[in-house]
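Read the structure below first, then the notes.
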Amino acid sequence: MLKKIAIDEQFKNFLAQDIPGQLIKKKPGQGDMHYISGCTVIDILNQLTNYAWDWKIDEHWIQKSTDKFNPKYDKEPKPQGPVAHVIGTLTMHFVDDNGAYFTISKTAAGAKPVIGGQNEQKDIFKSAATD
């Protein structure tokens with residue numbers, strides 16, 4: 001049975017704050033897509049949970065890509081590089097008003113094209129996890 005946990009006003013107010021504009025970045029070549037860096041996410045989680053959170057990669061793999069081909073625009077297929085994928089779980093640890101500990105966990109997926117040299121590729125799963 002799920003237990004309903006009340007989130008206090010301080011927690012709600014923290015989440016309601018706007019992220020300062022200087023921390024919001026724009027992805028080049030991705031239209032109007034904006035993001036915040038992994039470091040900013042870590043800072044927010046640290047403030048929100050008083051450092052009581054975990055991130056765990058549950059699965060990771062490299063997927064071979066299919067050649068890109070659209071007969072409307074392409075004369076021949078264009079090779080595409082492989083993509084690194086991860087599935088990970090973020091867990092935040094809290095204490096309720098009665099002193100009981102509880103956790104909230106969410107699982108999500110991330111991906112990153114495998115490009116560049118060894119320096120970029122050595123951290124490919126970390127990059128996919130940050131996604």
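Residues are referred to by chain and number: the chain letter is A, B, ... according to the order shown in the structure tokens, the number counts from 1 in that chain, and ligands are numbered separately from 1 in the order shown.
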>> Just list as JSON, numbers by chain whatever in chain A DSSP marks as alpha helix (DSSP H).
In response: {"A": [9, 10, 11, 12, 13, 14, 15, 16, 38, 39, 40, 41, 42, 43, 44, 45, 46, 47, 48, 49, 118, 119, 120, 121, 124, 125, 126, 127, 128, 129, 130]}
> Can you list, as a PyMOL selection string, every residue of chain A that DSSP puts in strand (DSSP E or B)?
Replying inline: chain A and resi 24-26+34-36+53-63+68+78+83-95+101-113
> Closest to Asp123 (chain A) among A:His93, A:Ala84, A:Ser65, A:Val41, using only C-alpha atoms?
Replying inline: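 The closest residue to Asp123 (chain A) is A:Ala84.
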> Smallest atom-to-atom distance to Thr130 (chain A): which of A:Gln10, A:Gln80, A:Ser37, A:Asn70, using only C-alpha atoms?
Replying inline: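 Using only C-alpha atoms, the shortest distance to Thr130 (chain A) belongs to A:Ser37.
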>> Show me, as a list in words, the residues that have an atom within 12 Å of Gly88 (chain A) when counting only C-alpha atoms, minus same-chain residues fewer than 5 positions from it.
In response: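 Listing them by chain and then by number gives Asp54, Trp55, Lys56, Ile57, Asp58, Glu59, His60, Ser105, Lys106, Thr107, Ala108, Ala109, Gly110, Ala111, Phe125, Lys126, Ala128, Ala129, Thr130 and Asp131 of chain A.
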> Using only C-alpha atoms, which of A:Gly99, A:Pro71, A:Pro113, A:Gly38 sits nearest Val86 (chain A)?
Replying inline: A:Pro113
> Suppose you want the space between CA of Asp96 (chain A) and CA of Leu48 (chain A); what is it in Å?
Replying inline: 14.3 Å
> Hey, what's within 12 Å of region 24-26 of chain A if we count only C-alpha atoms and toss same-chain stuff fewer than 3 positions away? As number ranges by chain, please?
Replying inline: A: 18-21, 29-41
Grab the residues selected above and save them as an mmCIF file, in the first residue's frame with C-alpha atoms.
data_model
loop_
_atom_site.group_PDB
_atom_site.id
_atom_site.type_symbol
_atom_site.label_atom_id
_atom_site.label_comp_id
_atom_site.auth_asym_id
_atom_site.auth_seq_id
_atom_site.Cartn_x
_atom_site.Cartn_y
_atom_site.Cartn_z
ATOM 1 C CA ASP A 18 12.909 29.803 -11.783
ATOM 2 C CA ILE A 19 16.281 28.517 -12.871
ATOM 3 C CA PRO A 20 18.542 31.550 -13.437
ATOM 4 C CA GLY A 21 18.833 32.356 -17.133
ATOM 5 C CA GLY A 29 21.827 22.902 -34.277
ATOM 6 C CA GLN A 30 18.790 21.631 -32.333
ATOM 7 C CA GLY A 31 16.316 24.416 -33.095
ATOM 8 C CA ASP A 32 14.842 25.899 -29.945
ATOM 9 C CA MET A 33 15.974 23.113 -27.567
ATOM 10 C CA HIS A 34 17.276 24.308 -24.203
ATOM 11 C CA TYR A 35 18.837 22.410 -21.307
ATOM 12 C CA ILE A 36 20.672 22.748 -18.027
ATOM 13 C CA SER A 37 24.023 21.066 -17.453
ATOM 14 C CA GLY A 38 24.538 17.930 -15.421
ATOM 15 C CA CYS A 39 26.465 20.020 -12.869
ATOM 16 C CA THR A 40 23.446 22.294 -12.423
ATOM 17 C CA VAL A 41 21.173 19.283 -11.914
#
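When only C-alpha atoms are used to compute distances to Pro82 (chain A), the closest of the residues A:Ala52, A:Ile42, A:Ile104, A:Ile124 turns out to be A:Ile124.
CA of Leu23 (chain A) is positioned 20.6 Å from CA of Asn50 (chain A).
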